[in-house]
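Below is one structure, written out as structure tokens; comments come after it.
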Amino acid sequence: MSKAFIAKVIQESAALTGTAANRVAADLIGAIVKELKESGKFTLPSFGTFAVRETKARKGLNPRTGDAIKVKAGKTVRFKASPTLKKAV
């Protein structure tokens, strides 16, 4: 799914212009990102939950050369589908 797809669905559903639908899609994505930054979790009922998780520092391999490298600790976003979504798919 892309931002363009979301904008197209919004445009058709709400009878908006393409520019307005793109703005709504961008605002929606921005609100989700803001919520993830502030609380670390975002839930869409009947769809699923996005959660920010910490990743530990670890050793990895450079795929091109095979050399060992250090991967820094960081954050990633995980998604857990709701039972309703699992049943629908």
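In the structure tokens, each chain is lettered A, B, ... as it comes, each chain's residues begin at 1, and ligands are numbered from 1 in order of appearance.
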
Region 72-75 of chain A: which residues within 7 Å, counting only C-alpha atoms, same-chain residues fewer than 6 positions away excluded, as a list of chain:residue names?
-> A:Val52, A:Arg53, A:Glu54, A:Thr55, A:Lys56, A:Ala57, A:Arg58

Using C-alpha atoms, can you export the residues from the last selection as a CSV table (one decimal), in the first residue's frame?
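Here's the written file part_38.csv:
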```csv
chain,number,residue,atom,x,y,z
A,52,VAL,CA,8.0,0.7,18.5
A,53,ARG,CA,10.5,-1.8,19.7
A,54,GLU,CA,14.1,-1.3,20.8
A,55,THR,CA,16.8,-3.4,19.0
A,56,LYS,CA,20.0,-4.4,20.7
A,57,ALA,CA,23.5,-3.7,19.3
A,58,ARG,CA,24.8,-6.8,17.6
```

Within 9 Å of region 24-27 of chain A, counting only C-alpha atoms, which residues qualify if same-chain residues fewer than 4 places away don't, as number ranges by chain?
-> A: 3-4, 6-7, 10, 19-20, 31-32

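What separates CA of Gly30 (chain A) from CA of Phe50 (chain A) is a distance of 14.1 Å.
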
Choose the residue, out of A:Val71, A:Val9, A:Ala88, A:Ala81, that has the smallest atom-to-atom separation from Pro45 (chain A); count only C-alpha atoms.
-> A:Ala81

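Here CA of Leu85 (chain A) and CA of Lys41 (chain A) stand 18.2 Å from one another.
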
Set the distance at 12 Å and use only C-alpha atoms: which residues neighbour Lys8 (chain A) once local chain neighbours fewer than 3 positions away are removed? I'd like the list as a PDB file with C-alpha atoms, in the first residue's frame.
```pdb
ATOM      1  CA  MET A   1       0.000   0.000   0.000  1.00  0.00           C
ATOM      2  CA  SER A   2       1.327   3.430  -0.850  1.00  0.00           C
ATOM      3  CA  LYS A   3       0.481   7.003   0.020  1.00  0.00           C
ATOM      4  CA  ALA A   4      -0.892   7.416  -3.518  1.00  0.00           C
ATOM      5  CA  PHE A   5      -3.232   4.452  -2.989  1.00  0.00           C
ATOM      6  CA  GLN A  11     -10.473  11.015  -3.046  1.00  0.00           C
ATOM      7  CA  GLU A  12     -13.075   8.528  -4.290  1.00  0.00           C
ATOM      8  CA  SER A  13     -14.725   8.062  -0.911  1.00  0.00           C
ATOM      9  CA  ALA A  14     -15.021  11.711   0.083  1.00  0.00           C
ATOM     10  CA  ALA A  15     -15.340  13.221  -3.421  1.00  0.00           C
ATOM     11  CA  LEU A  16     -12.294  15.434  -2.867  1.00  0.00           C
ATOM     12  CA  THR A  17      -9.824  16.817  -5.355  1.00  0.00           C
ATOM     13  CA  GLY A  18      -6.548  14.959  -5.807  1.00  0.00           C
ATOM     14  CA  THR A  19      -4.585  17.692  -4.033  1.00  0.00           C
ATOM     15  CA  ALA A  20      -6.909  17.678  -1.026  1.00  0.00           C
ATOM     16  CA  ALA A  21      -6.832  13.887  -0.834  1.00  0.00           C
ATOM     17  CA  ASN A  22      -2.995  13.898  -0.937  1.00  0.00           C
ATOM     18  CA  ARG A  23      -2.952  16.427   1.886  1.00  0.00           C
ATOM     19  CA  VAL A  24      -5.337  14.292   3.970  1.00  0.00           C
ATOM     20  CA  ALA A  25      -3.222  11.175   3.340  1.00  0.00           C
TER      21      ALA A  25
END
```

Contacts of Thr84 (chain A) at 12 Å or less, counting only C-alpha atoms, minus same-chain residues fewer than 4 places along, as an MDAnalysis selection string?
-> chainID A and resid 44:48 80 88:89

Next, the residues of the selection above should be written as an mmCIF file, in the first residue's frame with N, CA and C atoms.
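Printed below is again-v7.cif as written:
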```cif
data_model
loop_
_atom_site.group_PDB
_atom_site.id
_atom_site.type_symbol
_atom_site.label_atom_id
_atom_site.label_comp_id
_atom_site.auth_asym_id
_atom_site.auth_seq_id
_atom_site.Cartn_x
_atom_site.Cartn_y
_atom_site.Cartn_z
ATOM 1 N N LEU A 44 -5.221 0.596 15.312
ATOM 2 C CA LEU A 44 -6.388 0.796 14.455
ATOM 3 C C LEU A 44 -7.330 -0.368 14.742
ATOM 4 N N PRO A 45 -8.466 -0.095 15.401
ATOM 5 C CA PRO A 45 -9.386 -1.184 15.729
ATOM 6 C C PRO A 45 -9.792 -1.959 14.473
ATOM 7 N N SER A 46 -9.915 -3.243 14.605
ATOM 8 C CA SER A 46 -10.275 -4.174 13.535
ATOM 9 C C SER A 46 -9.187 -4.296 12.469
ATOM 10 N N PHE A 47 -8.017 -3.672 12.687
ATOM 11 C CA PHE A 47 -6.919 -3.784 11.733
ATOM 12 C C PHE A 47 -5.670 -4.334 12.399
ATOM 13 N N GLY A 48 -5.189 -3.619 13.423
ATOM 14 C CA GLY A 48 -4.003 -4.106 14.114
ATOM 15 C C GLY A 48 -3.317 -3.022 14.912
ATOM 16 N N LYS A 80 1.231 -5.985 14.569
ATOM 17 C CA LYS A 80 0.525 -7.196 14.967
ATOM 18 C C LYS A 80 -0.908 -7.074 14.461
ATOM 19 N N ALA A 88 -10.491 -12.021 8.233
ATOM 20 C CA ALA A 88 -10.938 -11.482 6.946
ATOM 21 C C ALA A 88 -10.027 -11.909 5.805
ATOM 22 N N VAL A 89 -8.753 -12.095 6.099
ATOM 23 C CA VAL A 89 -7.790 -12.454 5.059
ATOM 24 C C VAL A 89 -7.737 -13.948 4.965
#
```

Please give the complete set of residues from chain A that DSSP, run on the backbone, assigns to alpha helix (DSSP H), formatted as a count of residues only.
-> 40
